[in-house]
Amino acid sequence: MYQNQESSTIYKPVFIPKERYADKQKLSSLIANYQDKSILDLFSAQKKELIKIRNPTKRLTGAEIEKLYSEWSNGKDPDLEGNWIYYPWSQRLIHIVDENEFVELRTSRNQYKITPAEQENLSKRKIGIIGLSVGHAVAVSIATERTCGTLKLADFDTIELSNLNRIKTGIHNIGVNKCIVTAREIAEIDPFLVIECFTEGINKENMAGFMLDGGKLDILIDECDDLSIKIACRSMASGYHIPVVMETSDRGMLDVERYDLEPDRPVFHGLLKGIPLEKFDHISDEDRLPLVLKIVNAVNGSKRGKVSLVEIGQTISTWPQLASAVTLGAGVVTDVCRRILLDQFQESGRYYVDIEDIVGNRLTKKEPSRRINPHEPFDVNEAILLADSLPYINDEYKADDALIRKIVEAACQAPSTGNDQPWKWLYRNSRLHLFHDRHRSYSFGDFHNIASNISFGASYENLLLKSYENGLSAKAELFPLGNESILIAAIDFYNTAREDTEPVYSPESVNAIFERSTNRNPSIPAVIAEADYLALKHAAESVEGASFHYISDRQQIIAIGEIIGECDRVRLLNENGHKDFVEREMKWSPEEAEESKDGIDIRTLGLDNAQMAAMSIIRDEEITRSLKNINGGRALIDVAKKTVSTASAIGIITLPKYSYRDFFLGGMSMQRLWLKAEELQFAIHPLISPFYLFPRVVNSNGEGLDEVEAANIREARRKFRALVPLDENIAEVFLFKIAQAEKPEIKSFRLPLDETLFIVNLEK
């Protein structure tokens, strides 16, 4: 900056003492001193305009005005009348009428929206403004209307080019303090207004002086960004009985807090109830966003405002403000302050002057498209027909219904994508049949039925363990009617040892079935001992063909986290992916989770306050559409990177073929590893979005993705294979974080067994 430091701090015009132009000679000397400056003599024009407004009953002609002016000036030298004022920053010497006449003339067009008596009342009032970005327009509006006689302005910041989208000033003022720029503009409108600038901004040391020195403020206007100052100034204002007004420039939101009438009123209308005010003295970045959202009650914010909130710190550095909104807000604040000062408005509250609502499109909005589930709800009668089409091969043993219920209950504790629980079970004539409830599992995440088949394999592993615990062995025929059938497995039970039944791996793992959970709690990257690593590897690879990949290098882990985050971003901003996430998977309240008995309780996501606040915003389909249009939502990448940063390792399970059968077997491998990790007291956190999106570009030419999404996933895939050189066309089953963490207090619900298991036995 090349601003002269001394001249950059001047904001008060210089009133030339009367004695310096008491006669013609002295005036000539005065003019000579300013001959290299701009000299504007506005006195006669103002005097003539004054004559005009004082004769409202007549339409005076120009000649009549001149005659009356000549009569007034007879025996006077107009050059020696009024005030000569010098503006150092613009180097202008200006001649104007005296203060009383100036105020009379300048406020004449206020009448009778403001009466002369009210104008006189307002001239004795003091208003303080903290924050001179939005506050600039407010201050100028208040000064222009002459809503007060004294203005105190506080801001430590200087004008930058990015401010000029909403602050009406010239580029020559870049580098000048915002208070100074505002005070100068006001002085050029009305040199008789008293202005005081606090160019160091407001802090706890000078706050009382700002409010009290020279007489207590009549109104405090808060337009600053600092949360701690917002809270502190309200606390102090309530003690001094000073009302506070704030405008946010989003949906024209206006806060009025009448501490003059309600000194015990909670700050921000009680929206921060239960939060100790001292917490605001040292606010972490993590806590800042959720507190801002509480204060502004983000659910009522504008769509674009919410989009911007999510992008702060990602693609934009701070809260956006438009000149139109700032200008509107300045007018609203001025109007409300005037009515408070004139005792015409006595209420506190939050108000909206929302132009998009007031001047809105009243045409009927097109209903958003809804994806139609092509699958009918599960039909037990159809299942019976399919089951009966298979030949029976086991007449040796028939498990009783109570035991089957116990076994299936354990099977249903298996994990499933979005906790959709895609299984249905039919026990008929001594055989248990596992069916795919495609109506339940139909989703963006279940591409090519990959997720469902993995879940079926995991549930079958639980079934084997529980059967073994109860003295039974089992044998399953997988996909007995082919991949297109909803019949996944036909399972026979035996109570005698047989060589052709399924071997049971780690029978003691049965004890972990009901303890196993997705653990997203904050974790520590504890070193995994060699013996524990080998136990996990052996568990995963105990399924024929399964491979366990283990990544513990920190740089690789963070790089994989970035890939996971990009896949999460694509999925959440994809129209169908977003619908699934918001409407199908997530349960946004404990009551919703309790009622549905499926999906994911948002409390189990392990989000910090800021992430939880952002999540509440991106529920809105229109907001995610806007984020997608600006290539936004990159906060999701940060979330994933933060998640993996506390991993002991990243684990991967694969099988050789991209087939229904291998994904089923992969589910068995996943469950064996997960149960073993539970026994070893490790936390498993699935990070599966890459493995559910990669097949769309590897095996199906980007199906369900637009060109940009497909390109992003292909690039993510390229980066992933550079880190983990897997073969193509294999079954990429499970991608997860392993670490140590406290056990979750909240676990996902399961559907009632009566909605999942159907026992229909008929004698043959």
# chains A, B, ... in the order shown; residues from 1 in each chain; ligands from 1
>>> residues_around(residues="Gly565 of chain A", least_positions_apart="2", cutoff="6 Å", atoms="only C-alpha atoms", output="list in words")
Glu562, Ile563, Cys567, Asp568, Leu636, Ile637 and Ala640 of chain A
>>> write_last_selection(atoms="N, CA and C atoms", output="mmCIF file, in the first residue's frame")
data_model
loop_
_atom_site.group_PDB
_atom_site.id
_atom_site.type_symbol
_atom_site.label_atom_id
_atom_site.label_comp_id
_atom_site.auth_asym_id
_atom_site.auth_seq_id
_atom_site.Cartn_x
_atom_site.Cartn_y
_atom_site.Cartn_z
ATOM 1 N N GLU A 562 -8.221 -39.173 0.852
ATOM 2 C CA GLU A 562 -8.653 -38.164 -0.125
ATOM 3 C C GLU A 562 -9.497 -38.800 -1.224
ATOM 4 N N ILE A 563 -9.120 -39.996 -1.634
ATOM 5 C CA ILE A 563 -9.895 -40.726 -2.654
ATOM 6 C C ILE A 563 -11.271 -41.083 -2.105
ATOM 7 N N CYS A 567 -14.995 -39.773 -3.487
ATOM 8 C CA CYS A 567 -16.100 -40.691 -3.799
ATOM 9 C C CYS A 567 -17.329 -40.354 -2.958
ATOM 10 N N ASP A 568 -17.116 -40.026 -1.682
ATOM 11 C CA ASP A 568 -18.240 -39.596 -0.840
ATOM 12 C C ASP A 568 -18.901 -38.357 -1.435
ATOM 13 N N LEU A 636 -16.332 -32.608 2.322
ATOM 14 C CA LEU A 636 -16.459 -34.056 2.504
ATOM 15 C C LEU A 636 -15.106 -34.754 2.371
ATOM 16 N N ILE A 637 -14.235 -34.190 1.551
ATOM 17 C CA ILE A 637 -12.889 -34.756 1.417
ATOM 18 C C ILE A 637 -12.118 -34.558 2.714
ATOM 19 N N ALA A 640 -13.235 -37.112 5.281
ATOM 20 C CA ALA A 640 -12.645 -38.443 5.078
ATOM 21 C C ALA A 640 -11.170 -38.462 5.477
#
>>> select_by_dssp(residues="segment 541-581 of chain A", states="helix (DSSP H, G or I)", output="MDAnalysis selection string")
chainID A and resid 541 554:573 575:581
>>> write_last_selection(atoms="N, CA and C atoms", output="PDB file, in the first residue's frame")
ATOM      1  N   GLU A 541      -8.556 -64.368   5.109  1.00  0.00           N
ATOM      2  CA  GLU A 541      -8.133 -65.259   4.029  1.00  0.00           C
ATOM      3  C   GLU A 541      -8.511 -66.711   4.276  1.00  0.00           C
ATOM      4  N   ARG A 554       1.599 -43.787   6.609  1.00  0.00           N
ATOM      5  CA  ARG A 554       0.725 -42.636   6.891  1.00  0.00           C
ATOM      6  C   ARG A 554       0.397 -41.850   5.627  1.00  0.00           C
ATOM      7  N   GLN A 555       1.366 -41.631   4.767  1.00  0.00           N
ATOM      8  CA  GLN A 555       1.106 -40.858   3.547  1.00  0.00           C
ATOM      9  C   GLN A 555       0.115 -41.590   2.649  1.00  0.00           C
ATOM     10  N   GLN A 556       0.270 -42.882   2.547  1.00  0.00           N
ATOM     11  CA  GLN A 556      -0.667 -43.658   1.739  1.00  0.00           C
ATOM     12  C   GLN A 556      -2.073 -43.620   2.335  1.00  0.00           C
ATOM     13  N   ILE A 557      -2.144 -43.686   3.653  1.00  0.00           N
ATOM     14  CA  ILE A 557      -3.450 -43.644   4.315  1.00  0.00           C
ATOM     15  C   ILE A 557      -4.165 -42.333   4.013  1.00  0.00           C
ATOM     16  N   ILE A 558      -3.439 -41.213   4.117  1.00  0.00           N
ATOM     17  CA  ILE A 558      -4.065 -39.903   3.834  1.00  0.00           C
ATOM     18  C   ILE A 558      -4.455 -39.807   2.368  1.00  0.00           C
ATOM     19  N   ALA A 559      -3.618 -40.332   1.485  1.00  0.00           N
ATOM     20  CA  ALA A 559      -3.943 -40.307   0.052  1.00  0.00           C
ATOM     21  C   ALA A 559      -5.202 -41.123  -0.231  1.00  0.00           C
ATOM     22  N   ILE A 560      -5.331 -42.268   0.425  1.00  0.00           N
ATOM     23  CA  ILE A 560      -6.544 -43.077   0.261  1.00  0.00           C
ATOM     24  C   ILE A 560      -7.742 -42.334   0.850  1.00  0.00           C
ATOM     25  N   GLY A 561      -7.518 -41.636   1.972  1.00  0.00           N
ATOM     26  CA  GLY A 561      -8.598 -40.837   2.563  1.00  0.00           C
ATOM     27  C   GLY A 561      -9.120 -39.792   1.606  1.00  0.00           C
ATOM     28  N   GLU A 562      -8.221 -39.173   0.852  1.00  0.00           N
ATOM     29  CA  GLU A 562      -8.653 -38.164  -0.125  1.00  0.00           C
ATOM     30  C   GLU A 562      -9.497 -38.800  -1.224  1.00  0.00           C
ATOM     31  N   ILE A 563      -9.120 -39.996  -1.634  1.00  0.00           N
ATOM     32  CA  ILE A 563      -9.895 -40.726  -2.654  1.00  0.00           C
ATOM     33  C   ILE A 563     -11.271 -41.083  -2.105  1.00  0.00           C
ATOM     34  N   ILE A 564     -11.308 -41.557  -0.875  1.00  0.00           N
ATOM     35  CA  ILE A 564     -12.586 -41.893  -0.240  1.00  0.00           C
ATOM     36  C   ILE A 564     -13.470 -40.646  -0.170  1.00  0.00           C
ATOM     37  N   GLY A 565     -12.878 -39.517   0.233  1.00  0.00           N
ATOM     38  CA  GLY A 565     -13.642 -38.272   0.334  1.00  0.00           C
ATOM     39  C   GLY A 565     -14.207 -37.828  -0.999  1.00  0.00           C
ATOM     40  N   GLU A 566     -13.416 -37.971  -2.071  1.00  0.00           N
ATOM     41  CA  GLU A 566     -13.911 -37.595  -3.391  1.00  0.00           C
ATOM     42  C   GLU A 566     -15.079 -38.496  -3.809  1.00  0.00           C
ATOM     43  N   CYS A 567     -14.995 -39.773  -3.487  1.00  0.00           N
ATOM     44  CA  CYS A 567     -16.100 -40.691  -3.799  1.00  0.00           C
ATOM     45  C   CYS A 567     -17.329 -40.354  -2.958  1.00  0.00           C
ATOM     46  N   ASP A 568     -17.116 -40.026  -1.682  1.00  0.00           N
ATOM     47  CA  ASP A 568     -18.240 -39.596  -0.840  1.00  0.00           C
ATOM     48  C   ASP A 568     -18.901 -38.357  -1.435  1.00  0.00           C
ATOM     49  N   ARG A 569     -18.076 -37.437  -1.918  1.00  0.00           N
ATOM     50  CA  ARG A 569     -18.595 -36.191  -2.490  1.00  0.00           C
ATOM     51  C   ARG A 569     -19.426 -36.473  -3.741  1.00  0.00           C
ATOM     52  N   VAL A 570     -18.901 -37.304  -4.623  1.00  0.00           N
ATOM     53  CA  VAL A 570     -19.646 -37.640  -5.847  1.00  0.00           C
ATOM     54  C   VAL A 570     -20.956 -38.307  -5.490  1.00  0.00           C
ATOM     55  N   ARG A 571     -20.892 -39.225  -4.552  1.00  0.00           N
ATOM     56  CA  ARG A 571     -22.099 -39.956  -4.174  1.00  0.00           C
ATOM     57  C   ARG A 571     -23.155 -39.025  -3.586  1.00  0.00           C
ATOM     58  N   LEU A 572     -22.734 -38.125  -2.689  1.00  0.00           N
ATOM     59  CA  LEU A 572     -23.702 -37.279  -2.009  1.00  0.00           C
ATOM     60  C   LEU A 572     -24.269 -36.204  -2.933  1.00  0.00           C
ATOM     61  N   LEU A 573     -23.487 -35.765  -3.922  1.00  0.00           N
ATOM     62  CA  LEU A 573     -23.974 -34.734  -4.830  1.00  0.00           C
ATOM     63  C   LEU A 573     -24.680 -35.317  -6.052  1.00  0.00           C
ATOM     64  N   GLU A 575     -27.730 -36.993  -7.786  1.00  0.00           N
ATOM     65  CA  GLU A 575     -29.142 -36.850  -7.437  1.00  0.00           C
ATOM     66  C   GLU A 575     -29.689 -38.083  -6.734  1.00  0.00           C
ATOM     67  N   ASN A 576     -29.437 -39.254  -7.308  1.00  0.00           N
ATOM     68  CA  ASN A 576     -29.964 -40.480  -6.706  1.00  0.00           C
ATOM     69  C   ASN A 576     -29.203 -40.859  -5.440  1.00  0.00           C
ATOM     70  N   GLY A 577     -27.893 -40.621  -5.440  1.00  0.00           N
ATOM     71  CA  GLY A 577     -27.116 -40.891  -4.243  1.00  0.00           C
ATOM     72  C   GLY A 577     -27.574 -40.034  -3.076  1.00  0.00           C
ATOM     73  N   HIS A 578     -27.878 -38.774  -3.370  1.00  0.00           N
ATOM     74  CA  HIS A 578     -28.341 -37.865  -2.316  1.00  0.00           C
ATOM     75  C   HIS A 578     -29.706 -38.294  -1.803  1.00  0.00           C
ATOM     76  N   LYS A 579     -30.599 -38.664  -2.695  1.00  0.00           N
ATOM     77  CA  LYS A 579     -31.939 -39.117  -2.274  1.00  0.00           C
ATOM     78  C   LYS A 579     -31.818 -40.326  -1.344  1.00  0.00           C
ATOM     79  N   ASP A 580     -30.982 -41.267  -1.736  1.00  0.00           N
ATOM     80  CA  ASP A 580     -30.797 -42.454  -0.895  1.00  0.00           C
ATOM     81  C   ASP A 580     -30.272 -42.071   0.481  1.00  0.00           C
ATOM     82  N   PHE A 581     -29.266 -41.229   0.483  1.00  0.00           N
ATOM     83  CA  PHE A 581     -28.623 -40.856   1.741  1.00  0.00           C
ATOM     84  C   PHE A 581     -29.604 -40.149   2.665  1.00  0.00           C
TER      85      PHE A 581
END
>>> closest_atom_pairs(of="segment 212-300 of chain A", to="segment 603-617 of chain A", cutoff="10 Å", atoms="only C-alpha atoms", output="JSON lines")
{"residue": "A:Asp285", "atom": "CA", "partner": "A:Ala610", "partner_atom": "CA", "distance": 8.2}
{"residue": "A:Glu286", "atom": "CA", "partner": "A:Ala610", "partner_atom": "CA", "distance": 5.3}
{"residue": "A:Asp287", "atom": "CA", "partner": "A:Ala610", "partner_atom": "CA", "distance": 6.0}
{"residue": "A:Arg288", "atom": "CA", "partner": "A:Ala610", "partner_atom": "CA", "distance": 7.3}
{"residue": "A:Leu289", "atom": "CA", "partner": "A:Ala610", "partner_atom": "CA", "distance": 5.4}
{"residue": "A:Pro290", "atom": "CA", "partner": "A:Ala610", "partner_atom": "CA", "distance": 5.2}
{"residue": "A:Leu291", "atom": "CA", "partner": "A:Ala610", "partner_atom": "CA", "distance": 8.6}
{"residue": "A:Val292", "atom": "CA", "partner": "A:Ala613", "partner_atom": "CA", "distance": 9.6}
{"residue": "A:Leu293", "atom": "CA", "partner": "A:Ala613", "partner_atom": "CA", "distance": 7.1}
{"residue": "A:Lys294", "atom": "CA", "partner": "A:Ala613", "partner_atom": "CA", "distance": 9.1}
{"residue": "A:Ala298", "atom": "CA", "partner": "A:Ile617", "partner_atom": "CA", "distance": 7.7}
{"residue": "A:Val299", "atom": "CA", "partner": "A:Ile617", "partner_atom": "CA", "distance": 7.6}
>>> write_last_selection(atoms="C-alpha atoms", output="JSON list (two decimals), in the first residue's frame")
[["chain", "number", "residue", "atom", "x", "y", "z"],
["A", 285, "ASP", "CA", -12.77, -23.47, 14.25],
["A", 286, "GLU", "CA", -14.63, -26.73, 14.85],
["A", 287, "ASP", "CA", -17.16, -25.03, 17.12],
["A", 288, "ARG", "CA", -17.52, -21.78, 15.19],
["A", 289, "LEU", "CA", -19.78, -23.00, 12.38],
["A", 290, "PRO", "CA", -22.34, -24.79, 14.58],
["A", 291, "LEU", "CA", -22.55, -21.73, 16.85],
["A", 292, "VAL", "CA", -23.09, -19.45, 13.86],
["A", 293, "LEU", "CA", -25.79, -21.81, 12.63],
["A", 294, "LYS", "CA", -27.46, -21.66, 16.04],
["A", 298, "ALA", "CA", -29.67, -21.86, 9.68],
["A", 299, "VAL", "CA", -32.86, -23.73, 8.82]]
>>> closest_residue(among="A:Phe758, A:Glu49, A:Ile130, A:Glu530", to="Arg405 of chain A", atoms="only C-alpha atoms")
A:Phe758
>>> closest_residue(among="A:Asn631, A:Thr182, A:Asn574, A:Asn521", to="Ile738 of chain A", atoms="only C-alpha atoms")
A:Asn521
